[in-house]
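Beneath this line is the structure, given in structure tokens, with notes to follow.
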Amino acid sequence: MSEVERINAILAARTPALFACLSPLGKSLAFPKGIPFQANEAKATKLNGTIGQVTDGAGSPLPLPVLKGASGTLDAKMAFLYSPQSGHPEVRKLWLARQLALAGRTAGACTLPYATHGLTHSLSIVSELFTDPETTVVIPTPTWENYEFLFTARSGAKVATWPFFKGETFDLDALGATLDGITGKAVLVLNFPSNPTGWSPTPAEAAAIVKRVAAHPHPMVVIVDDAYQGVIHEEGRLDHSLFWMLSEAIDPARTLALKIDGATKELLFFSSRVGFITASFQDAEAEAAFTSKVDALVRATVGGPAGPSQAMMLAALRDHARTTAEFAALRGQLSQRWQALKDALAQVKSDKLQPFPFNSAYFALIGLAPGVDADVVRKRLITERSVGVIALPEVNAIRIAYCSTTAEDVAAIVRHLAEVVESA
Ligand SMILES: Cc1ncc(COP(=O)(O)O)c(C=O)c1O
């Protein structure tokens, strides 16, 4: 039996939904027994001549002083030597502990988070493992614009959409109707707080979403994209990941949940390029088999995870209380900008501006009246007002990222937008 056959047999027996959803590429992968594999097996040896990295002969790096100086207090081994293939064990363990703590839990039935090069990389790994022309990728309208591209460009998967909002809230009936139309394998993307809407459900709404998703009778991978986890500006909204509730509700024979998160927005470490993939099962053999497939993809693309940003993250993860307090302070600033945007929108008297509900994350979506073209408005804002916003033609709306402006400037953006829209 080949290694691929061996790990596929484990996944088929232990995680049937995962196995049923694998793409042909996903099915064909197993981590090759090459240099990283052999070096890992030899990592405790006294005389280690395995890996192509320069050390002092005793396992420590020999960084150029110019780089060592720039790296400050970072752990030199983490900053300068190759990272373990799936990420540094302590970073992975503390990331999981953080995720559980944010959800008010002490344990969860899941794998250890797998470290990647950011959330986009996590999503692209999932896309390669699970999408092919037989897969339907289910995303809302509007959605983060990268999803469709990322899940279909290389695989030729089909896309099915549902309208995110019905009036003032989430359109669960429409999601249900879209799922009802799918009988083959599917990948569903759930993203709360959402980009581009900046909306999050209440815990009761989240429970209803989970119930409907868990009832889907065909093989499905549910991606829980937690990029903006915890950035809530309104009382009574779900302030942690839906993944935990979902993991408990799904039948592993049909459904696999994958939590996608990372340092990017959650630690405001945008340049870090550290993301994670956590799967909704707890089974050491199946986890090793799944990891082998992810390791293989990573080995064949970006090689392995980045060390310096994992070393920086470790400092934050080791001091969870401080990190949480510092993040809360920054979220407070963001909430002020969110409030400034709400106030400014309440003040403008233009029926051509029709804001969608927004209560979380970094954004708000302002729908424009029929006949006012969002992209024309966007371009006029640049050329006539020196104001930058994003146009979403699929819902004829403008997305304002209030995260990157001051509270005063948020109000100015709304004023300019109202004036341009009124003269359109
Ligand atoms: C919903 C969502 N998911 C994923 C990402 C990608 O994150 P990263 O920058 O870590 O690749 C973004 C970035 O804007 C996002 O808005």
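Ligands are numbered from 1 in the order shown, residues from 1 within each chain, and chains are lettered A, B, ... in the order they appear in the structure tokens.
With a cut-off of 8 Å and using only C-alpha atoms and all ligand atoms, the polymer residues contacting ligand 1 are A:His117, A:Gly118, A:Leu119, A:Thr120, A:His121, A:Ser122, A:Leu123, A:Trp144, A:Asn191, A:Ser194, A:Asn195, A:Pro196, A:Asp225, A:Asp226, A:Ala227, A:Tyr228, A:Asp261, A:Gly262, A:Ala263, A:Thr264, A:Lys265, A:Phe270, A:Ser271, A:Arg273, A:Val274, A:Gly275.
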Notebook entry, point to check: Any idea what's packed within 7 Å of A:Gly304, counting only C-alpha atoms, ignoring anything in its chain fewer than 3 positions away? Could you give it as a ChimeraX atom specification?
Noted result: /A:83,85,298-299
For the residues in that selection, give me C-alpha atoms as a PDB file, in the first residue's frame.
```
ATOM      1  CA  SER A  83      10.042  26.730  11.132  1.00  0.00           C
ATOM      2  CA  GLN A  85       6.500  22.380   8.649  1.00  0.00           C
ATOM      3  CA  VAL A 298       2.714  23.833   1.522  1.00  0.00           C
ATOM      4  CA  ARG A 299       6.001  22.090   0.732  1.00  0.00           C
TER       5      ARG A 299
END
```
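Counting only C-alpha atoms, the residue from A:Val54, A:Ala401, A:Ala346, A:Val221 that sits nearest to A:Ser360 is A:Ala401.
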Note to self: I'd like the contact shell of A:Ala407 - 12 Å cut-off, only C-alpha atoms, skipping same-chain residues fewer than 4 positions apart - returned as a PyMOL selection string.
What the structure shows: chain A and resi 332-344+401-403+411-414
Item checked: Which of stretch 284-354 of chain A DSSP labels alpha helix (DSSP H), written as a ChimeraX atom specification -> /A:284-299,307-318,320-347
Next item on the list: Go ahead and compute the interatomic distance for atom CA of A:Cys110 and atom CA of A:Ser247, in Å to one decimal.
Entry: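 Here the two named atoms are 8.2 Å from each other.
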Check: Separation of atom CA of A:Thr50 and atom CA of A:Ile35, in Å?
Finding: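 Rounded to one decimal, the two atoms are 7.2 Å apart.
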Notebook entry, point to check: Which is closest to A:Gly72 among A:Ala311, A:Thr323, A:Ser28, A:Thr169, if we use only C-alpha atoms?
Noted result: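 Smallest separation from A:Gly72 among the options: A:Ala311.
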Next item on the list: Excluding A:Val222 and residues on its chain fewer than 5 positions from it, collect all residues at most 9 Å away from it, counting only C-alpha atoms, and give them as an NGL selection string.
Entry: :A and (186-190 or 213 or 255-259)
Just write the chosen residues, N, CA and C atoms, as an mmCIF file, in the first residue's frame.
```
data_model
loop_
_atom_site.group_PDB
_atom_site.id
_atom_site.type_symbol
_atom_site.label_atom_id
_atom_site.label_comp_id
_atom_site.auth_asym_id
_atom_site.auth_seq_id
_atom_site.Cartn_x
_atom_site.Cartn_y
_atom_site.Cartn_z
ATOM 1 N N ALA A 186 -20.116 20.226 -1.682
ATOM 2 C CA ALA A 186 -20.149 21.693 -1.580
ATOM 3 C C ALA A 186 -19.104 22.206 -0.612
ATOM 4 N N VAL A 187 -18.728 23.461 -0.834
ATOM 5 C CA VAL A 187 -17.917 24.213 0.129
ATOM 6 C C VAL A 187 -18.707 25.476 0.454
ATOM 7 N N LEU A 188 -19.089 25.636 1.708
ATOM 8 C CA LEU A 188 -19.869 26.809 2.124
ATOM 9 C C LEU A 188 -18.957 27.745 2.910
ATOM 10 N N VAL A 189 -19.039 29.034 2.587
ATOM 11 C CA VAL A 189 -18.220 30.000 3.315
ATOM 12 C C VAL A 189 -19.108 30.844 4.232
ATOM 13 N N LEU A 190 -18.826 30.764 5.544
ATOM 14 C CA LEU A 190 -19.500 31.619 6.524
ATOM 15 C C LEU A 190 -18.460 32.582 7.091
ATOM 16 N N VAL A 213 -27.407 24.830 8.572
ATOM 17 C CA VAL A 213 -26.223 24.310 7.874
ATOM 18 C C VAL A 213 -26.004 22.839 8.238
ATOM 19 N N THR A 255 -20.434 16.329 7.126
ATOM 20 C CA THR A 255 -19.969 17.726 7.153
ATOM 21 C C THR A 255 -18.652 17.855 7.913
ATOM 22 N N LEU A 256 -17.759 18.636 7.336
ATOM 23 C CA LEU A 256 -16.494 18.988 7.992
ATOM 24 C C LEU A 256 -16.497 20.503 8.169
ATOM 25 N N ALA A 257 -16.161 20.972 9.354
ATOM 26 C CA ALA A 257 -16.021 22.424 9.553
ATOM 27 C C ALA A 257 -14.540 22.763 9.659
ATOM 28 N N LEU A 258 -14.152 23.864 9.026
ATOM 29 C CA LEU A 258 -12.764 24.323 9.093
ATOM 30 C C LEU A 258 -12.745 25.762 9.580
ATOM 31 N N LYS A 259 -12.020 25.987 10.653
ATOM 32 C CA LYS A 259 -11.893 27.339 11.193
ATOM 33 C C LYS A 259 -10.667 27.993 10.555
#
```
